[in-house]
>>> print(open('target_9.cif').read())   # mmCIF, C-alpha atoms
data_input
#
loop_
_atom_site.label_atom_id
_atom_site.label_comp_id
_atom_site.auth_asym_id
_atom_site.auth_seq_id
_atom_site.Cartn_x
_atom_site.Cartn_y
_atom_site.Cartn_z
CA MET K 6 13.37 1.60 -30.10
CA ALA K 7 12.62 3.20 -26.74
CA LEU K 8 13.16 0.67 -23.99
CA GLY K 9 13.23 2.98 -20.99
CA ILE K 10 10.37 4.61 -19.21
CA LEU K 11 9.71 7.97 -20.78
CA PRO K 12 9.87 11.04 -18.52
CA TYR K 13 6.54 11.68 -16.87
CA LYS K 14 5.49 15.16 -15.81
CA THR K 15 2.88 15.18 -13.12
CA PRO K 16 -0.19 17.30 -13.82
CA ASN K 17 -0.31 18.16 -10.12
CA PRO K 18 2.26 20.87 -9.35
CA ILE K 19 3.91 20.74 -5.94
CA ASN K 20 5.30 24.11 -4.88
CA LEU K 21 5.00 24.16 -1.09
CA LEU K 22 6.87 22.27 1.62
CA THR K 23 6.27 21.85 5.32
CA ALA K 24 9.81 20.65 6.05
CA ASN K 25 13.26 20.72 4.52
CA LEU K 26 13.42 17.70 2.20
CA SER K 27 17.14 17.98 1.44
CA ASP K 28 18.73 14.54 1.82
CA TYR K 29 15.30 12.92 2.03
CA GLU K 30 15.64 11.02 -1.22
CA GLY K 31 13.73 7.74 -0.98
CA HIS K 32 11.35 8.91 1.74
CA GLY K 33 7.56 8.80 1.61
CA LEU K 34 5.39 11.88 1.15
CA ARG K 35 1.77 12.73 1.75
CA LEU K 36 -0.24 15.52 0.21
CA SER K 37 -0.76 17.81 3.21
CA ALA K 38 -2.65 20.52 1.32
CA GLN K 39 -3.22 21.68 -2.23
CA ASN K 40 0.19 21.86 -3.93
CA GLU K 41 1.94 21.01 -0.67
CA VAL K 42 3.74 17.85 0.47
CA SER K 43 4.91 16.69 3.90
CA LEU K 44 6.88 13.70 5.08
CA ALA K 45 4.58 10.77 5.84
CA THR K 46 5.23 9.48 9.34
CA THR K 47 2.18 7.45 10.34
CA LYS K 48 0.82 4.34 8.71
CA THR K 49 -2.67 5.71 8.24
CA GLN K 50 -1.55 8.72 6.19
CA ILE K 51 -2.51 8.45 2.55
CA PRO K 52 0.53 7.85 0.33
CA TYR K 53 1.24 10.50 -2.29
CA GLY K 54 4.72 9.78 -3.58
CA VAL K 55 8.40 9.20 -2.95
CA VAL K 56 11.16 11.82 -3.01
CA VAL K 57 13.64 11.33 -5.85
CA VAL K 58 15.51 14.62 -5.48
CA GLY K 59 15.11 16.47 -2.19
CA ALA K 60 15.15 20.23 -1.70
CA SER K 61 14.53 22.97 0.80
CA SER K 62 12.25 25.94 0.45
CA LEU K 63 13.34 29.13 -1.29
CA ASP K 64 14.06 30.88 2.00
CA GLY K 65 16.07 27.93 3.32
CA THR K 66 13.81 27.30 6.29
CA GLY K 67 12.26 24.25 4.69
CA VAL K 68 8.78 25.69 5.07
CA GLY K 69 7.04 27.47 2.23
CA PRO K 70 7.48 27.83 -1.52
CA VAL K 71 10.05 25.67 -3.29
CA ALA K 72 11.86 26.68 -6.47
CA ALA K 73 10.48 25.34 -9.75
CA SER K 74 11.83 21.83 -10.50
CA ALA K 75 13.97 21.85 -7.34
CA LEU K 76 12.03 18.96 -5.86
CA GLU K 77 11.46 15.74 -7.80
CA ILE K 78 8.90 13.15 -6.79
CA VAL K 79 7.57 9.87 -8.14
CA ASP K 80 3.79 10.02 -7.77
CA SER K 81 2.55 7.74 -10.56
CA LEU K 82 0.99 4.45 -9.49
CA GLY K 83 2.97 1.38 -10.41
CA SER K 84 6.23 3.27 -10.82
CA VAL K 85 9.42 1.68 -9.61
CA VAL K 86 11.54 4.00 -7.50
CA GLN K 87 14.52 3.88 -5.14
CA ALA K 88 13.23 4.07 -1.56
CA THR K 89 15.00 4.10 1.80
CA ALA K 90 14.56 1.27 4.29
CA GLY K 91 13.93 1.98 7.96
CA THR K 92 14.38 -0.06 11.11
CA GLY K 93 14.56 -3.78 10.39
CA GLY K 94 15.16 -3.31 6.68
CA VAL K 95 12.99 -4.76 3.93
CA VAL K 96 12.91 -8.01 1.97
CA ALA K 97 12.14 -8.52 -1.72
CA GLY K 98 8.62 -9.80 -2.31
CA ALA K 99 7.18 -8.23 0.85
CA LEU K 100 4.82 -5.30 1.19
CA VAL K 101 6.13 -2.18 2.90
CA SER K 102 4.54 0.62 4.89
CA ILE K 103 5.83 3.89 6.25
CA GLY K 104 7.85 4.17 9.44
CA GLY K 105 8.02 6.98 11.96
CA ALA K 106 10.94 8.67 10.22
CA SER K 107 9.31 8.46 6.76
CA HIS K 108 11.49 5.46 5.86
CA PHE K 109 9.91 2.25 4.65
CA VAL K 110 9.46 -0.76 6.92
CA ALA K 111 7.81 -4.17 6.71
CA ALA K 112 4.03 -3.80 6.43
CA THR K 113 1.69 -4.95 9.17
CA ALA K 114 -1.84 -6.18 8.56
CA THR K 115 -3.57 -3.58 10.69
CA PRO K 116 -6.87 -2.42 9.19
CA GLY K 117 -6.69 1.19 8.05
CA ASN K 118 -2.95 1.17 7.53
CA TRP K 119 -1.56 1.86 4.09
CA ASN K 120 0.78 -0.46 2.26
CA TRP K 121 2.91 1.70 -0.01
CA GLY K 122 3.89 -1.06 -2.40
CA LEU K 123 6.09 -4.06 -3.01
CA ALA K 124 9.80 -4.25 -2.17
CA LEU K 125 11.61 -5.61 -5.21
CA THR K 126 15.05 -5.87 -3.62
CA ASP K 127 16.45 -6.46 -0.13
CA ALA K 128 17.84 -3.61 1.99
CA ALA K 129 19.13 -3.17 5.52
CA ALA K 130 18.10 -0.16 7.59
CA GLY K 131 19.31 3.05 5.97
CA GLU K 132 19.95 1.43 2.60
CA GLN K 133 17.94 2.00 -0.57
CA PHE K 134 15.82 -0.61 -2.32
CA LEU K 135 13.63 -0.79 -5.40
CA LEU K 136 9.98 -0.13 -4.57
CA ARG K 137 6.98 -0.67 -6.82
CA PHE K 138 4.82 2.25 -5.70
CA TYR K 139 1.28 0.95 -5.56
CA PRO K 140 -0.58 2.02 -2.40
CA THR K 141 -3.37 -0.12 -1.01
CA GLN K 142 -5.18 0.24 2.28
CA VAL K 143 -5.35 -2.77 4.60
CA PRO K 144 -9.05 -3.72 4.73
CA MET Y 7 2.80 10.03 -33.46
CA ALA Y 8 2.83 6.95 -31.25
CA LEU Y 9 -0.59 6.33 -29.77
CA GLY Y 10 -0.08 2.78 -28.53
CA ASN Y 11 1.77 1.55 -25.50
CA LEU Y 12 5.51 1.84 -25.85
CA THR Y 13 7.71 -1.12 -25.03
CA TYR Y 14 8.39 -1.13 -21.31
CA LYS Y 15 11.54 -2.61 -19.84
CA THR Y 16 11.27 -3.34 -16.15
CA PRO Y 17 13.85 -1.74 -13.89
CA ASN Y 18 13.73 -4.87 -11.72
CA PRO Y 19 15.80 -7.64 -13.34
CA ILE Y 20 14.58 -11.21 -12.85
CA ASN Y 21 17.35 -13.75 -13.30
CA GLN Y 22 16.30 -16.76 -11.22
CA ILE Y 23 13.26 -19.02 -11.27
CA GLU Y 24 11.88 -21.42 -8.69
CA GLU Y 25 10.70 -23.97 -11.24
CA ASP Y 26 10.49 -24.75 -14.94
CA LEU Y 27 8.29 -22.05 -16.49
CA THR Y 28 8.12 -23.67 -19.92
CA SER Y 29 4.54 -23.50 -21.29
CA LYS Y 30 3.50 -21.28 -18.39
CA GLU Y 31 2.49 -18.35 -20.58
CA GLY Y 32 -0.45 -16.54 -18.97
CA CYS Y 33 0.27 -17.84 -15.47
CA CYS Y 34 0.80 -15.71 -12.40
CA VAL Y 35 4.11 -15.29 -10.61
CA THR Y 36 5.15 -13.97 -7.21
CA LEU Y 37 8.49 -12.50 -6.17
CA THR Y 38 9.98 -15.18 -3.93
CA ALA Y 39 13.29 -13.39 -3.32
CA GLN Y 40 15.36 -10.61 -4.81
CA ASN Y 41 15.51 -11.17 -8.60
CA THR Y 42 13.62 -14.47 -8.28
CA ILE Y 43 10.10 -15.48 -9.29
CA GLY Y 44 7.97 -18.56 -8.80
CA ILE Y 45 4.47 -19.60 -9.82
CA ALA Y 46 1.89 -18.07 -7.46
CA GLN Y 47 -0.17 -20.85 -5.92
CA ALA Y 48 -1.50 -19.62 -2.59
CA LEU Y 49 -4.35 -17.14 -2.67
CA THR Y 50 -2.35 -14.94 -0.28
CA ASP Y 51 0.72 -14.82 -2.51
CA ILE Y 52 1.51 -11.19 -3.36
CA PRO Y 53 1.00 -10.54 -7.09
CA TYR Y 54 4.15 -9.71 -9.01
CA GLY Y 55 3.32 -10.30 -12.68
CA ILE Y 56 2.13 -12.54 -15.51
CA ILE Y 57 4.33 -14.66 -17.76
CA THR Y 58 4.22 -13.78 -21.44
CA VAL Y 59 7.10 -15.98 -22.61
CA GLY Y 60 7.96 -19.02 -20.49
CA GLY Y 61 11.15 -21.03 -20.36
CA ASP Y 62 13.44 -23.13 -18.24
CA SER Y 63 16.63 -22.24 -16.39
CA LEU Y 64 20.19 -22.78 -17.53
CA THR Y 65 20.30 -25.85 -15.29
CA PRO Y 66 16.99 -27.69 -15.81
CA GLY Y 67 15.91 -29.74 -12.84
CA THR Y 68 17.77 -27.62 -10.30
CA TYR Y 69 15.82 -24.77 -8.70
CA PRO Y 70 16.02 -21.98 -7.89
CA SER Y 71 18.49 -21.41 -10.66
CA GLN Y 72 19.61 -18.83 -13.13
CA ILE Y 73 17.94 -18.12 -16.47
CA ALA Y 74 19.54 -16.86 -19.64
CA ALA Y 75 19.22 -13.15 -20.30
CA SER Y 76 15.82 -12.36 -21.87
CA ALA Y 77 14.84 -16.04 -21.78
CA ILE Y 78 11.65 -15.27 -19.90
CA GLU Y 79 9.31 -12.35 -20.43
CA LEU Y 80 6.62 -11.12 -18.10
CA VAL Y 81 4.30 -8.22 -17.52
CA ASP Y 82 4.85 -6.62 -14.12
CA SER Y 83 3.55 -3.12 -14.76
CA ILE Y 84 0.50 -2.15 -12.75
CA GLY Y 85 -2.39 -1.56 -15.14
CA GLY Y 86 -0.72 -3.56 -17.90
CA VAL Y 87 -3.06 -5.57 -20.15
CA VAL Y 88 -1.83 -9.09 -20.82
CA GLN Y 89 -3.03 -12.52 -21.97
CA ALA Y 90 -3.71 -14.66 -18.89
CA LEU Y 91 -4.74 -18.29 -18.51
CA ALA Y 92 -8.19 -19.20 -17.19
CA GLY Y 93 -8.51 -21.90 -14.56
CA THR Y 94 -11.37 -24.26 -13.80
CA GLY Y 95 -14.71 -22.68 -14.57
CA GLY Y 96 -13.32 -20.10 -16.97
CA VAL Y 97 -13.78 -16.36 -16.68
CA SER Y 98 -16.11 -13.70 -18.05
CA ALA Y 99 -15.39 -10.15 -19.11
CA ASN Y 100 -15.73 -7.55 -16.33
CA MET Y 101 -15.06 -10.15 -13.63
CA PHE Y 102 -12.42 -9.71 -10.94
CA VAL Y 103 -10.15 -12.73 -10.93
CA ALA Y 104 -7.94 -14.45 -8.38
CA LEU Y 105 -5.76 -17.51 -8.34
CA GLN Y 106 -7.33 -20.90 -8.67
CA ALA Y 107 -6.62 -22.60 -5.34
CA GLY Y 108 -4.18 -25.46 -5.76
CA GLY Y 109 -3.64 -24.58 -9.38
CA GLY Y 110 -0.58 -23.74 -11.40
CA GLY Y 111 -0.96 -19.99 -11.54
CA GLU Y 112 -4.22 -19.87 -13.49
CA LEU Y 113 -6.92 -17.30 -12.73
CA GLN Y 114 -10.62 -17.71 -12.05
CA ASP Y 115 -13.62 -15.81 -10.73
CA ALA Y 116 -12.45 -14.19 -7.49
CA SER Y 117 -15.78 -14.82 -5.79
CA LEU Y 118 -15.31 -18.61 -6.03
CA SER Y 119 -12.58 -19.04 -3.46
CA THR Y 120 -11.20 -15.84 -1.96
CA THR Y 121 -11.54 -14.74 1.63
CA SER Y 122 -10.27 -11.71 3.54
CA GLY Y 123 -6.54 -11.28 3.08
CA ASP Y 124 -6.41 -13.01 -0.29
CA TYR Y 125 -5.45 -11.15 -3.45
CA ILE Y 126 -7.50 -10.21 -6.44
CA TRP Y 127 -5.11 -10.04 -9.39
CA GLY Y 128 -7.13 -7.85 -11.70
CA LEU Y 129 -10.02 -7.55 -14.11
CA ALA Y 130 -10.92 -9.94 -16.94
CA LEU Y 131 -11.53 -8.02 -20.16
CA THR Y 132 -12.69 -10.95 -22.30
CA ASP Y 133 -14.42 -14.31 -21.80
CA ALA Y 134 -12.50 -17.59 -21.67
CA ALA Y 135 -13.30 -21.23 -20.95
CA ALA Y 136 -11.03 -23.30 -18.68
CA GLY Y 137 -7.56 -23.58 -20.17
CA GLU Y 138 -8.09 -20.74 -22.61
CA GLN Y 139 -6.41 -17.37 -22.55
CA PHE Y 140 -8.19 -14.07 -21.93
CA LEU Y 141 -7.27 -10.40 -21.88
CA PHE Y 142 -6.59 -9.28 -18.36
CA ARG Y 143 -5.79 -5.94 -16.71
CA PHE Y 144 -3.16 -6.48 -13.99
CA GLN Y 145 -4.56 -4.55 -11.04
CA PRO Y 146 -3.81 -6.27 -7.70
CA SER Y 147 -5.87 -5.55 -4.59
CA LEU Y 148 -6.51 -7.18 -1.23
CA VAL Y 149 -9.85 -8.84 -0.54
CA PRO Y 150 -11.49 -6.93 2.36
#
>>> encode(input="target_9.cif", output="structure tokens")
Amino acid sequence: MALGILPYKTPNPINLLTANLSDYEGHGLRLSAQNEVSLATTKTQIPYGVVVVGASSLDGTGVGPVAASALEIVDSLGSVVQATAGTGGVVAGALVSIGGASHFVAATATPGNWNWGLALTDAAAGEQFLLRFYPTQVP
Amino acid sequence: MALGNLTYKTPNPINQIEEDLTSKEGCCVTLTAQNTIGIAQALTDIPYGIITVGGDSLTPGTYPSQIAASAIELVDSIGGVVQALAGTGGVSANMFVALQAGGGGELQDASLSTTSGDYIWGLALTDAAAGEQFLFRFQPSLVP
């Protein structure tokens, strides 16, 4: 009996980067153009996914095409993923939003901001926590 | 070929409860701390899941306290369809539902009590009178 989540292959290929995502596991991404992701750094940017395995571009500059399967992302709504906490850390049971360095921080109820999902575990700044990825915009 | 939903095992273990969840099947829970759930009672409580198999802790009467492995089952997957318990007034299919204020985790028509900042828990898929169970799609959202 299969008890784990089966591998999911996104139907939306990502093959372009705007920055080197090496060592950015657990950071938030936005869709900056067709087939292209960028680090999310402001709370009004629309959430796209969370980096699971970071990578740089083929030419090593971090900008441009990325090798096939080099970059892994969770982009499916409701998925649970390891995310990285930013300043102040996060607490289980609280909503989180994106911080200025694409880490996750405690959400604020400012209209227009995006909540990225629910923290399932506690984490201090720089540590990883379990995140249920389920973006909602603050009304 | 498997066409139905496969069994899903949450990656977030729950091993403590805030109260006795015996006979709470179909009621709503919120994540009160890491690995800990309690019955959602306030309309602003953040939705975590719905109980499918209730139970008590290893030390009844003392809460929060640890539960036995697999003693309690719940649906926490976004979009999951689950049997939920209708509160006062019942529910109708195709109705968004929220917590019944002051209740024990039951759901009712969201338009009856919610205001901005409260949570809608999801969509009723079948009709139910008060105290009955109904099919429910777990789909949390904030009330504008």
>>> resolve_selection(input="target_9.cif", expression="the PyMOL selection byres ((chain Y) within 10 of (chain K))", output="ChimeraX atom specification")
/Y:12-20,36-43,51-54,82-86,122-123,145-150
>>> atom_distance(input="target_9.cif", atom1="CA of Val56 (chain K)", atom2="CA of His108 (chain K)")
10.9 Å
>>> residues_around(input="target_9.cif", residues="Gln133 (chain K)", least_positions_apart="5", cutoff="9 Å", atoms="only C-alpha atoms", output="list in words")
Gly31, Gln87, Ala88, Thr89, Ala90, Thr126, Asp127 and Ala128 of chain K
>>> atom_distance(input="target_9.cif", atom1="CA of Glu31 (chain Y)", atom2="CA of Phe140 (chain Y)")
11.6 Å
>>> atom_distance(input="target_9.cif", atom1="CA of Gln50 (chain K)", atom2="CA of Ser62 (chain K)")
22.8 Å
>>> resolve_selection(input="target_9.cif", expression="the PyMOL selection byres ((chain Y and resi 48) around 10)", output="NGL selection string")
:Y and (36 or 45-47 or 49-52 or 105-111 or 124-125)
>>> closest_residue(input="target_9.cif", among="Y:Ser29, Y:Thr132, Y:Asn21, Y:Ser98", to="Ile57 (chain Y)", atoms="only C-alpha atoms")
Y:Ser29
>>> resolve_selection(input="target_9.cif", expression="the PyMOL selection byres ((chain K and resi 33) around 12)", output="PDB file with C-alpha atoms, keeping the file's coordinate frame")
ATOM      1  CA  LEU K  26      13.420  17.700   2.200  1.00  0.00           C
ATOM      2  CA  TYR K  29      15.300  12.920   2.030  1.00  0.00           C
ATOM      3  CA  GLU K  30      15.640  11.020  -1.220  1.00  0.00           C
ATOM      4  CA  GLY K  31      13.730   7.740  -0.980  1.00  0.00           C
ATOM      5  CA  HIS K  32      11.350   8.910   1.740  1.00  0.00           C
ATOM      6  CA  LEU K  34       5.390  11.880   1.150  1.00  0.00           C
ATOM      7  CA  ARG K  35       1.770  12.730   1.750  1.00  0.00           C
ATOM      8  CA  LEU K  36      -0.240  15.520   0.210  1.00  0.00           C
ATOM      9  CA  VAL K  42       3.740  17.850   0.470  1.00  0.00           C
ATOM     10  CA  SER K  43       4.910  16.690   3.900  1.00  0.00           C
ATOM     11  CA  LEU K  44       6.880  13.700   5.080  1.00  0.00           C
ATOM     12  CA  ALA K  45       4.580  10.770   5.840  1.00  0.00           C
ATOM     13  CA  THR K  46       5.230   9.480   9.340  1.00  0.00           C
ATOM     14  CA  THR K  47       2.180   7.450  10.340  1.00  0.00           C
ATOM     15  CA  LYS K  48       0.820   4.340   8.710  1.00  0.00           C
ATOM     16  CA  GLN K  50      -1.550   8.720   6.190  1.00  0.00           C
ATOM     17  CA  ILE K  51      -2.510   8.450   2.550  1.00  0.00           C
ATOM     18  CA  PRO K  52       0.530   7.850   0.330  1.00  0.00           C
ATOM     19  CA  TYR K  53       1.240  10.500  -2.290  1.00  0.00           C
ATOM     20  CA  GLY K  54       4.720   9.780  -3.580  1.00  0.00           C
ATOM     21  CA  VAL K  55       8.400   9.200  -2.950  1.00  0.00           C
ATOM     22  CA  VAL K  56      11.160  11.820  -3.010  1.00  0.00           C
ATOM     23  CA  VAL K  57      13.640  11.330  -5.850  1.00  0.00           C
ATOM     24  CA  GLY K  59      15.110  16.470  -2.190  1.00  0.00           C
ATOM     25  CA  ILE K  78       8.900  13.150  -6.790  1.00  0.00           C
ATOM     26  CA  VAL K  79       7.570   9.870  -8.140  1.00  0.00           C
ATOM     27  CA  ASP K  80       3.790  10.020  -7.770  1.00  0.00           C
ATOM     28  CA  VAL K  86      11.540   4.000  -7.500  1.00  0.00           C
ATOM     29  CA  GLN K  87      14.520   3.880  -5.140  1.00  0.00           C
ATOM     30  CA  ALA K  88      13.230   4.070  -1.560  1.00  0.00           C
ATOM     31  CA  THR K  89      15.000   4.100   1.800  1.00  0.00           C
ATOM     32  CA  ALA K  90      14.560   1.270   4.290  1.00  0.00           C
ATOM     33  CA  GLY K  91      13.930   1.980   7.960  1.00  0.00           C
ATOM     34  CA  VAL K 101       6.130  -2.180   2.900  1.00  0.00           C
ATOM     35  CA  SER K 102       4.540   0.620   4.890  1.00  0.00           C
ATOM     36  CA  ILE K 103       5.830   3.890   6.250  1.00  0.00           C
ATOM     37  CA  GLY K 104       7.850   4.170   9.440  1.00  0.00           C
ATOM     38  CA  GLY K 105       8.020   6.980  11.960  1.00  0.00           C
ATOM     39  CA  ALA K 106      10.940   8.670  10.220  1.00  0.00           C
ATOM     40  CA  SER K 107       9.310   8.460   6.760  1.00  0.00           C
ATOM     41  CA  HIS K 108      11.490   5.460   5.860  1.00  0.00           C
ATOM     42  CA  PHE K 109       9.910   2.250   4.650  1.00  0.00           C
ATOM     43  CA  VAL K 110       9.460  -0.760   6.920  1.00  0.00           C
ATOM     44  CA  TRP K 119      -1.560   1.860   4.090  1.00  0.00           C
ATOM     45  CA  ASN K 120       0.780  -0.460   2.260  1.00  0.00           C
ATOM     46  CA  TRP K 121       2.910   1.700  -0.010  1.00  0.00           C
ATOM     47  CA  GLY K 122       3.890  -1.060  -2.400  1.00  0.00           C
ATOM     48  CA  LEU K 136       9.980  -0.130  -4.570  1.00  0.00           C
ATOM     49  CA  PHE K 138       4.820   2.250  -5.700  1.00  0.00           C
ATOM     50  CA  PRO K 140      -0.580   2.020  -2.400  1.00  0.00           C
TER      51      PRO K 140
END
>>> axis_aligned_box(input="target_9.cif", around="region 87-91 of chain K", padding_each_side="8 Å", output="lines of an AutoDock Vina configuration file")
center_x = 14.1
center_y = 2.7
center_z = 1.4
size_x = 17.8
size_y = 18.8
size_z = 29.1
>>> residues_near_point(input="target_9.cif", point="(-11.1, -18.8, -12.5)", cutoff="8 Å", atoms="all atoms listed in the file", output="mmCIF file with C-alpha atoms, keeping the file's coordinate frame")
data_model
loop_
_atom_site.group_PDB
_atom_site.id
_atom_site.type_symbol
_atom_site.label_atom_id
_atom_site.label_comp_id
_atom_site.auth_asym_id
_atom_site.auth_seq_id
_atom_site.Cartn_x
_atom_site.Cartn_y
_atom_site.Cartn_z
ATOM 1 C CA ALA Y 92 -8.190 -19.200 -17.190
ATOM 2 C CA GLY Y 93 -8.510 -21.900 -14.560
ATOM 3 C CA THR Y 94 -11.370 -24.260 -13.800
ATOM 4 C CA GLY Y 95 -14.710 -22.680 -14.570
ATOM 5 C CA GLY Y 96 -13.320 -20.100 -16.970
ATOM 6 C CA VAL Y 97 -13.780 -16.360 -16.680
ATOM 7 C CA VAL Y 103 -10.150 -12.730 -10.930
ATOM 8 C CA ALA Y 104 -7.940 -14.450 -8.380
ATOM 9 C CA LEU Y 105 -5.760 -17.510 -8.340
ATOM 10 C CA GLN Y 106 -7.330 -20.900 -8.670
ATOM 11 C CA GLU Y 112 -4.220 -19.870 -13.490
ATOM 12 C CA LEU Y 113 -6.920 -17.300 -12.730
ATOM 13 C CA GLN Y 114 -10.620 -17.710 -12.050
ATOM 14 C CA ASP Y 115 -13.620 -15.810 -10.730
ATOM 15 C CA ALA Y 116 -12.450 -14.190 -7.490
ATOM 16 C CA LEU Y 118 -15.310 -18.610 -6.030
ATOM 17 C CA ALA Y 136 -11.030 -23.300 -18.680
#
>>> residues_around(input="target_9.cif", residues="Ala73 (chain K)", least_positions_apart="2", cutoff="12 Å", atoms="all atoms listed in the file", output="ChimeraX atom specification")
/K:18-21,60-63,70-71,75-77
>>> residues_around(input="target_9.cif", residues="Val87 (chain Y)", least_positions_apart="3", cutoff="7 Å", atoms="only C-alpha atoms", output="MDAnalysis selection string")
chainID Y and resid 141:144
>>> write_last_selection(input="target_9.cif", atoms="C-alpha atoms", output="compact mmCIF listing (two decimals), in the coordinates of the input")
# COMPACT_ATOMS: atom_id res chain seq x y z
CA LEU Y 141 -7.27 -10.40 -21.88
CA PHE Y 142 -6.59 -9.28 -18.36
CA ARG Y 143 -5.79 -5.94 -16.71
CA PHE Y 144 -3.16 -6.48 -13.99
>>> closest_residue(input="target_9.cif", among="Y:Ser117, Y:Gln22, Y:Thr28, Y:Ser76", to="Asp62 (chain Y)", atoms="all atoms listed in the file")
Y:Thr28
